[in-house]
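Dropping model_29.txt in here (compact mmCIF, C-alpha atoms):
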# COMPACT_ATOMS: atom_id res chain seq x y z
CA MET A 1 122.33 99.05 105.86
CA ARG A 2 125.61 97.67 104.53
CA LEU A 3 127.78 100.71 105.24
CA PRO A 4 129.57 101.02 108.61
CA VAL A 5 127.81 103.24 111.16
CA ASN A 6 130.54 105.90 110.96
CA HIS A 7 130.70 105.98 107.15
CA SER A 8 130.30 109.49 105.72
CA HIS A 9 127.67 108.37 103.18
CA ARG A 10 125.60 106.13 105.45
CA LYS A 11 122.85 108.56 106.44
CA PHE A 12 122.46 109.88 102.90
CA LEU A 13 122.33 106.38 101.42
CA GLU A 14 119.74 105.25 103.97
CA THR A 15 117.55 108.17 102.93
CA GLU A 16 118.04 107.42 99.23
CA LEU A 17 117.22 103.72 99.63
CA TYR A 18 114.11 104.58 101.64
CA ARG A 19 113.03 107.13 99.01
CA ARG A 20 113.43 104.63 96.18
CA ALA A 21 111.57 101.90 98.06
CA ALA A 22 108.76 104.33 98.92
CA GLY A 23 108.58 105.44 95.30
CA ALA A 24 108.28 101.83 94.12
CA ARG A 25 105.47 101.21 96.61
CA GLY A 26 103.72 104.35 95.39
CA GLU A 27 103.93 103.22 91.76
CA LYS A 28 102.46 99.85 92.73
CA ARG A 29 99.53 101.58 94.48
CA LEU A 30 99.04 103.65 91.33
CA LYS A 31 98.90 100.59 89.07
CA ASP A 32 96.60 98.73 91.45
CA ARG A 33 94.19 101.68 91.60
CA PHE A 34 94.22 102.05 87.81
CA LYS A 35 92.42 98.68 87.60
CA GLU A 36 89.31 100.61 88.70
CA PHE A 37 89.44 102.79 85.58
CA GLN A 38 87.19 101.74 82.69
CA LEU A 39 86.01 103.30 79.42
CA GLU A 40 83.39 101.94 77.05
CA GLU A 41 85.54 102.90 74.09
CA GLU A 42 89.04 101.62 73.27
CA TYR A 43 91.96 102.72 75.46
CA HIS A 44 95.49 101.57 76.28
CA ILE A 45 97.86 102.15 79.20
CA LEU A 46 101.67 102.15 79.01
CA TRP A 47 103.81 102.14 82.17
CA ASN A 48 107.38 103.42 82.65
CA LEU A 49 107.65 104.93 79.19
CA SER A 50 111.05 106.34 78.16
CA LEU A 51 111.37 108.39 74.95
CA ARG A 52 113.82 110.82 73.43
CA LEU A 53 113.99 113.66 70.90
CA GLY A 54 117.64 114.08 70.05
CA GLU A 55 119.32 114.75 73.40
CA TRP A 56 115.99 115.48 75.14
CA LYS A 57 115.10 112.40 77.18
CA VAL A 58 111.89 111.92 79.15
CA GLN A 59 110.61 109.14 81.39
CA MET A 60 106.88 109.01 82.09
CA ASP A 61 105.40 106.91 84.90
CA GLY A 62 102.33 106.15 82.82
CA LEU A 63 100.58 107.13 79.59
CA LEU A 64 96.87 106.61 78.93
CA LEU A 65 95.87 106.52 75.26
CA THR A 66 92.23 107.25 74.38
CA GLY A 67 90.41 108.27 71.21
CA LYS A 68 90.12 111.84 72.49
CA CYS A 69 93.52 112.46 74.06
CA ALA A 70 96.67 111.06 75.62
CA VAL A 71 97.01 111.54 79.38
CA ILE A 72 100.44 111.51 81.02
CA LEU A 73 100.39 110.08 84.55
CA GLU A 74 102.98 111.70 86.82
CA SER A 75 103.39 109.83 90.13
CA LYS A 76 104.76 111.66 93.19
CA ASN A 77 105.39 109.88 96.48
CA ILE A 78 105.52 113.01 98.66
CA SER A 79 103.98 112.89 102.13
CA GLY A 80 103.07 115.65 104.59
CA LYS A 81 101.21 118.91 104.07
CA ILE A 82 101.41 119.93 100.41
CA GLN A 83 101.18 123.54 99.31
CA PHE A 84 101.28 125.25 95.91
CA ASP A 85 101.93 128.98 96.50
CA GLU A 86 100.35 131.06 93.72
CA LYS A 87 102.11 134.26 94.82
CA THR A 88 105.65 132.86 94.71
CA ASP A 89 105.11 129.98 92.24
CA GLU A 90 106.78 127.70 94.77
CA PHE A 91 105.89 124.17 95.82
CA SER A 92 106.55 123.02 99.37
CA ARG A 93 105.77 120.26 101.81
CA GLU A 94 105.73 120.25 105.62
CA ASN A 95 106.60 116.96 107.28
CA LEU A 96 105.23 115.52 110.53
CA ASN A 97 107.90 117.42 112.50
CA GLY A 98 106.73 120.74 111.07
CA GLU A 99 109.82 121.13 108.89
CA LYS A 100 109.12 122.92 105.61
CA THR A 101 110.98 121.97 102.41
CA ILE A 102 110.86 123.82 99.08
CA MET A 103 110.74 121.27 96.26
CA GLU A 104 110.50 121.18 92.48
CA ASP A 105 106.92 121.80 91.40
CA PRO A 106 105.58 118.55 89.85
CA THR A 107 103.15 120.52 87.66
CA VAL A 108 106.15 122.19 85.97
CA GLN A 109 107.63 118.78 85.24
CA LEU A 110 104.28 117.59 83.88
CA LYS A 111 104.07 120.61 81.54
CA LYS A 112 107.55 119.77 80.20
CA HIS A 113 106.44 116.20 79.55
CA ILE A 114 103.29 117.42 77.78
CA ARG A 115 105.37 119.72 75.55
CA PHE A 116 107.77 116.87 74.83
CA LEU A 117 105.08 114.34 73.90
CA THR A 118 103.18 116.88 71.80
CA THR A 119 106.37 117.54 69.80
CA TRP A 120 107.18 113.82 69.65
CA PHE A 121 103.70 113.01 68.31
CA LYS A 122 104.08 115.68 65.62
CA SER A 123 107.41 114.18 64.55
CA LYS A 124 105.63 110.83 64.11
CA LYS A 125 102.60 112.43 62.42
CA ILE A 126 100.32 111.38 65.29
CA ASP A 127 97.30 113.66 65.70
CA LEU A 128 96.34 113.25 69.36
CA PRO A 129 96.10 116.06 71.97
CA VAL A 130 98.21 115.59 75.11
CA THR A 131 97.29 116.45 78.68
CA GLY A 132 98.32 115.08 82.08
CA LEU A 133 97.56 114.31 85.71
CA VAL A 134 99.80 114.50 88.79
CA ILE A 135 98.99 111.77 91.32
CA PHE A 136 100.29 111.97 94.89
CA THR A 137 100.70 108.34 95.99
CA ALA A 138 101.84 108.78 99.61
CA LYS A 139 99.28 107.63 102.17
CA GLN A 140 100.01 110.51 104.56
CA CYS A 141 99.38 113.44 102.23
CA GLU A 142 97.26 116.56 102.80
CA PHE A 143 96.70 119.31 100.24
CA LEU A 144 96.73 122.79 101.80
CA SER A 145 96.29 124.39 98.38
CA LYS A 146 96.27 123.56 94.68
CA PRO A 147 96.92 125.76 91.64
CA PRO A 148 93.59 126.57 89.95
CA GLY A 149 92.81 124.44 86.92
CA ALA A 150 95.66 122.01 87.51
CA HIS A 151 94.99 118.29 87.31
CA ILE A 152 96.24 117.07 90.71
CA CYS A 153 94.82 114.31 92.89
CA LYS A 154 95.52 111.51 95.37
CA THR A 155 95.75 107.85 94.38
CA TYR A 156 92.20 106.93 95.37
CA GLN A 157 90.84 109.88 93.32
CA MET A 158 92.73 108.98 90.13
CA PRO A 159 90.03 106.91 88.30
CA ASP A 160 87.44 109.69 88.67
CA TYR A 161 89.91 112.40 87.65
CA LEU A 162 90.91 110.44 84.56
CA LEU A 163 87.27 110.00 83.58
CA GLN A 164 86.67 113.74 83.98
CA ILE A 165 89.72 114.57 81.84
CA VAL A 166 88.74 112.19 79.05
CA GLU A 167 85.04 113.11 79.07
CA SER A 168 85.79 116.85 78.95
CA ALA A 169 88.22 116.49 76.03
CA PRO A 170 86.81 117.48 72.61
CA LEU A 171 85.96 114.74 70.13
CA ASN A 172 88.75 113.87 67.71
CA SER A 173 87.46 113.74 64.13
CA GLU A 174 90.52 111.78 62.99
CA HIS A 175 89.65 108.57 64.94
CA PRO A 176 93.27 107.79 65.85
CA GLN A 177 94.47 104.18 65.53
CA LEU A 178 95.39 103.61 69.17
CA SER A 179 96.91 100.16 68.67
CA LYS A 180 99.23 101.57 66.00
CA ILE A 181 100.18 104.52 68.25
CA LYS A 182 100.90 102.12 71.10
CA ARG A 183 103.18 100.00 68.90
CA THR A 184 105.00 103.13 67.71
CA LEU A 185 105.62 104.20 71.32
CA GLN A 186 106.84 100.74 72.32
CA THR A 187 109.11 100.48 69.29
CA ASN A 188 110.73 103.83 70.12
CA GLN A 189 111.28 103.09 73.80
CA THR A 190 114.67 104.31 75.05
CA PRO A 191 115.98 101.97 77.78
CA PHE A 192 116.29 103.76 81.11
CA LYS A 193 119.65 103.03 82.72
CA ARG A 194 119.60 103.27 86.50
CA ILE A 195 123.08 103.88 87.87
CA PRO A 196 123.96 101.76 90.95
CA LEU A 197 124.25 103.93 94.05
CA CYS A 198 127.92 103.12 94.70
CA SER A 199 128.84 104.38 91.23
CA GLN A 200 126.48 107.34 91.42
CA TYR A 201 127.80 108.57 94.79
CA HIS A 202 131.43 107.38 94.50
CA ILE A 203 131.23 104.80 97.29
CA GLN A 204 133.87 102.05 97.35
CA THR A 205 132.20 98.64 97.13
CA GLU A 206 134.86 97.35 99.54
CA ASP A 207 133.26 99.54 102.22
CA LEU A 208 130.05 97.50 102.10
CA THR A 209 129.42 94.72 104.63
CA THR A 210 128.82 91.41 102.83
CA GLY A 211 126.62 88.51 103.88
CA ILE A 212 122.91 87.86 104.39
CA PHE A 213 121.29 90.11 106.99
CA CYS A 214 118.56 88.79 109.25
CA THR A 215 115.12 89.77 107.98
CA ASN A 216 113.87 89.79 111.58
CA CYS A 217 116.43 91.72 113.63
CA ASN A 218 118.35 93.30 110.68
CA HIS A 219 121.63 93.61 112.56
CA HIS A 220 123.11 90.12 112.48
CA LEU A 221 124.34 87.89 109.67
CA MET A 222 122.55 84.68 108.79
CA GLN A 223 124.05 81.28 108.00
CA ARG A 224 122.91 78.80 105.37
CA HIS A 225 121.66 75.54 106.88
CA LYS A 226 119.51 72.88 105.17
CA ARG A 227 118.12 75.14 102.43
CA ALA A 228 117.27 77.96 104.84
CA TRP A 229 118.93 81.02 106.36
CA ILE A 230 119.21 81.08 110.16
CA CYS A 231 120.19 84.12 112.25
CA ARG A 232 123.08 83.58 114.65
CA GLN A 233 121.56 85.95 117.18
CA CYS A 234 117.76 85.59 117.21
CA SER A 235 117.54 82.15 115.51
CA HIS A 236 115.05 83.49 112.97
CA ARG A 237 114.66 81.15 109.98
CA ASP A 238 114.01 82.44 106.46
CA ASN A 239 114.14 80.43 103.23
CA LEU A 240 114.20 83.54 101.02
CA ALA A 241 116.50 85.96 102.84
CA HIS A 242 118.88 85.98 99.85
CA LYS A 243 116.24 87.71 97.68
CA LEU A 244 116.80 91.00 99.50
CA ALA A 245 120.57 90.64 99.10
CA ILE A 246 120.13 90.21 95.33
CA GLN A 247 118.01 93.36 95.19
CA GLU A 248 120.63 95.22 97.24
CA TYR A 249 123.39 94.11 94.89
CA PHE A 250 121.60 95.49 91.82
CA THR A 251 120.70 98.71 93.67
CA LEU A 252 124.13 99.31 95.19
CA ILE A 253 126.83 97.69 93.09
CA ASP A 254 126.09 96.68 89.49
CA THR A 255 123.39 95.93 86.94
CA HIS A 256 125.01 92.55 86.17
CA LEU A 257 125.63 89.68 88.58
CA THR A 258 127.68 86.49 88.17
CA ASN A 259 127.69 83.35 90.30
CA LEU A 260 131.07 84.28 91.76
CA GLU A 261 129.98 87.84 92.62
CA PHE A 262 126.79 86.49 94.22
CA ARG A 263 128.80 84.06 96.37
CA LYS A 264 131.21 86.79 97.51
CA PHE A 265 128.41 89.22 98.31
CA CYS A 266 126.27 86.71 100.22
CA GLY A 267 129.04 84.66 101.82
CA ILE A 268 128.05 81.43 100.03
CA THR A 269 130.80 78.83 99.53
CA SER A 270 129.00 76.38 97.23
CA ARG A 271 128.77 77.20 93.55
CA SER A 272 125.88 74.74 93.05
CA VAL A 273 123.88 76.32 95.92
CA ALA A 274 124.46 79.77 94.43
CA THR A 275 123.34 78.54 90.99
CA ARG A 276 120.15 77.05 92.43
CA LEU A 277 119.29 80.23 94.36
CA LEU A 278 119.92 82.46 91.33
CA THR A 279 117.94 80.31 88.88
CA GLN A 280 114.96 80.40 91.27
CA GLN A 281 114.77 84.19 90.82
CA ASP A 282 112.92 85.87 87.96
CA LEU A 283 116.09 87.25 86.36
CA LEU A 284 117.25 87.73 82.79
CA THR A 285 120.18 85.41 82.01
CA THR A 286 122.82 85.48 79.27
CA GLY A 287 125.75 83.15 78.65
CA GLU A 288 126.29 79.62 79.89
CA PHE A 289 128.08 77.79 82.71
CA LYS A 290 130.80 79.93 84.34
CA GLY A 291 130.10 82.77 81.89
CA ARG A 292 126.43 83.12 82.84
CA VAL A 293 125.36 86.64 83.82
CA TYR A 294 122.15 87.64 85.61
CA GLN A 295 120.25 90.92 85.23
CA LEU A 296 116.95 92.39 86.34
CA LYS A 297 114.23 92.05 83.74
CA LYS A 298 112.89 95.22 82.17
CA LYS A 299 109.57 96.43 83.49
CA ASN A 300 106.65 96.22 81.09

Can the structure from this file be put into C-alpha cells for me?
Amino acid sequence: MRLPVNHSHRKFLETELYRRAAGARGEKRLKDRFKEFQLEEEYHILWNLSLRLGEWKVQMDGLLLTGKCAVILESKNISGKIQFDEKTDEFSRENLNGEKTIMEDPTVQLKKHIRFLTTWFKSKKIDLPVTGLVIFTAKQCEFLSKPPGAHICKTYQMPDYLLQIVESAPLNSEHPQLSKIKRTLQTNQTPFKRIPLCSQYHIQTEDLTTGIFCTNCNHHLMQRHKRAWICRQCSHRDNLAHKLAIQEYFTLIDTHLTNLEFRKFCGITSRSVATRLLTQQDLLTTGEFKGRVYQLKKKN
C-alpha cells in the first residue's frame, strides 16, 4: 500500500483495492467456466458490454445471444453466507466473523438491466426476448436462501443454468440474425471510464510512496540491477516487479502514463530503461519519442 500508515484514507483504499482485485479474479473465473458452455445452434457471447439510452447508462458483465433469447450475465464476487429475505425484500451477507451486512439486491440490478436491454432492443428493432442470470463468483459462498423463481447460481453451476434458461425459452419464429445483432451491440458500445482512485476519493498523489515494492516482503523498496529488481532487505530478485507498479499507477493516479511519469513513480533514472520496460508491456501507445503516451488496452 502506497499511502502512509497513518493516512486517513489508507484503510478504505486497501479495502477498495482488494475488492477490485477480487472482482477481477471473479470475472476471470466466470469467463473460464463459460468455456464449458456449448449449444448445437448458433450463439455468441459479449463481455463487459456498456450501452446507453440517452442519459441511462448500463454496464453488463456478459451477454449471451441465442436464437431463443438474450441472457444477461451479472457477476457478483460476494463471499460468506448469502440470504435473500422474502419478508423484508432485503439482501444480506454474513462474513466469517459473523458480521451481517445489508447490501443492494443483485436481482434488482439484473431486472433493471433486463428492462434496459429490452427497451434498447426495441429502439433498434431487434426482436429478441431478454432474461438474465446472477452468478456468485466468490469461492467461499453459501446460499442460506434464494428468492423463488430467480435465476441465481455459483460459478461452477453456470453452464447448466444457462442451458436450462435457453432450453426453457419459447422458440422464436423470427429467426434473429445473431451476427448482425452482435455487430449492432459492438458498434453502439459506450466506453466505460474508470476514474483513478486518487481522483475519485480526493487523495493527493504527493501522499503516495513512490518506487518499486518488493513482491516478496511487500514492505521494502527494490533497486534496479542488471535487468532485475532486487530488494534491499530480503534480497529477493524479480525481473517483472515493475508490472505491478504500472497497474498501480493506472488504478491510483491516471489513465495515461508517460515515460517521465513512469520514471518518477518507479524511481528509475534512465529514460532508455524506462522505454524498454514500457514497450515490453501490452499497452496502447499514442504519439512518438518524448510525446509518447501509454494507456491500458480496452477489454474485448

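The smallest atom-to-atom distance between Asn48 in chain A and any of A:Ala70, A:Ala24, A:Ile230, A:Leu96, using all atoms listed in the file, is found for A:Ala24.
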
**OP:** Write out as a PyMOL selection string which residues come within 9 Å of Arg33 in chain A when counting all atoms listed in the file, dropping same-chain ones fewer than 5 positions away.
**Re:** chain A and resi 28+155-156+158-159

Original post:
A:Val58, A:Leu39, A:Ala274, A:Leu110: which is nearest Lys290 in chain A, counting all atoms listed in the file?
Top reply: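 Smallest distance to Lys290 in chain A is found for A:Ala274.
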
Could the residues of range 38-107 of chain A that have an atom at most 9 Å from range 163-184 of chain A be listed as JSON lines, each with its closest atom pair and the distance in Å to one decimal, counting all atoms listed in the file and ordered by chain and ascending residue number?
{"residue": "A:Gln38", "atom": "CA", "partner": "A:Leu163", "partner_atom": "CA", "distance": 8.3}
{"residue": "A:Leu39", "atom": "CA", "partner": "A:Leu163", "partner_atom": "CA", "distance": 8.0}
{"residue": "A:Glu42", "atom": "CA", "partner": "A:Leu178", "partner_atom": "CA", "distance": 7.8}
{"residue": "A:Tyr43", "atom": "CA", "partner": "A:Leu178", "partner_atom": "CA", "distance": 7.2}
{"residue": "A:His44", "atom": "CA", "partner": "A:Leu178", "partner_atom": "CA", "distance": 7.4}
{"residue": "A:Ile45", "atom": "CA", "partner": "A:Lys182", "partner_atom": "CA", "distance": 8.7}
{"residue": "A:Leu46", "atom": "CA", "partner": "A:Lys182", "partner_atom": "CA", "distance": 7.9}
{"residue": "A:Leu65", "atom": "CA", "partner": "A:Leu178", "partner_atom": "CA", "distance": 6.8}
{"residue": "A:Thr66", "atom": "CA", "partner": "A:Leu178", "partner_atom": "CA", "distance": 7.1}
{"residue": "A:Gly67", "atom": "CA", "partner": "A:Pro176", "partner_atom": "CA", "distance": 6.1}
{"residue": "A:Lys68", "atom": "CA", "partner": "A:Asn172", "partner_atom": "CA", "distance": 5.4}
{"residue": "A:Cys69", "atom": "CA", "partner": "A:Val166", "partner_atom": "CA", "distance": 6.9}
{"residue": "A:Ala70", "atom": "CA", "partner": "A:Val166", "partner_atom": "CA", "distance": 8.7}
{"residue": "A:Val71", "atom": "CA", "partner": "A:Ile165", "partner_atom": "CA", "distance": 8.3}

**OP:** Measure the distance from CA of Phe250 in chain A to CA of Lys297 in chain A in Å and round it to one decimal.
**Re:**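 Separating CA of Phe250 in chain A from CA of Lys297 in chain A is a distance of 11.5 Å.
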
Subject >> Interatomic distance (Å, one decimal) between CA of Leu284 in chain A and CA of Leu296 in chain A >> reply: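 Those two atoms sit 5.9 Å apart.
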
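The space separating CA of His225 in chain A from CA of Asn259 in chain A comes to 19.3 Å.
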
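Nearest residue to Cys231 in chain A, choosing from A:Cys214, A:Leu162, A:Leu185, A:Ala22 and counting all atoms listed in the file: A:Cys214.
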
Original post:
Which one is closest to Phe91 in chain A: A:Ile203, A:Leu144, A:Leu64, A:Ile72? Count only C-alpha atoms.
Top reply: A:Leu144

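Using all atoms listed in the file, the nearest neighbour of Asn239 in chain A within the list A:Leu51, A:Leu277, A:Ile82, A:Ile195 is A:Leu277.
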
**OP:** Could you tell me which of A:Phe143, A:Gln109, A:Arg276, A:Gly54 comes closest to Ser92 in chain A if we count only C-alpha atoms?
**Re:** A:Phe143

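Look at Lys154 in chain A: the protein and nucleic acid residues within 10 Å of it, using only C-alpha atoms and passing over chain neighbours fewer than 4 places away, are Leu30, Ser75, Lys76, Val134, Ile135, Phe136, Thr137, Ala138, Lys139, Cys141, Glu142, Phe143, Met158 and Tyr161 of chain A.
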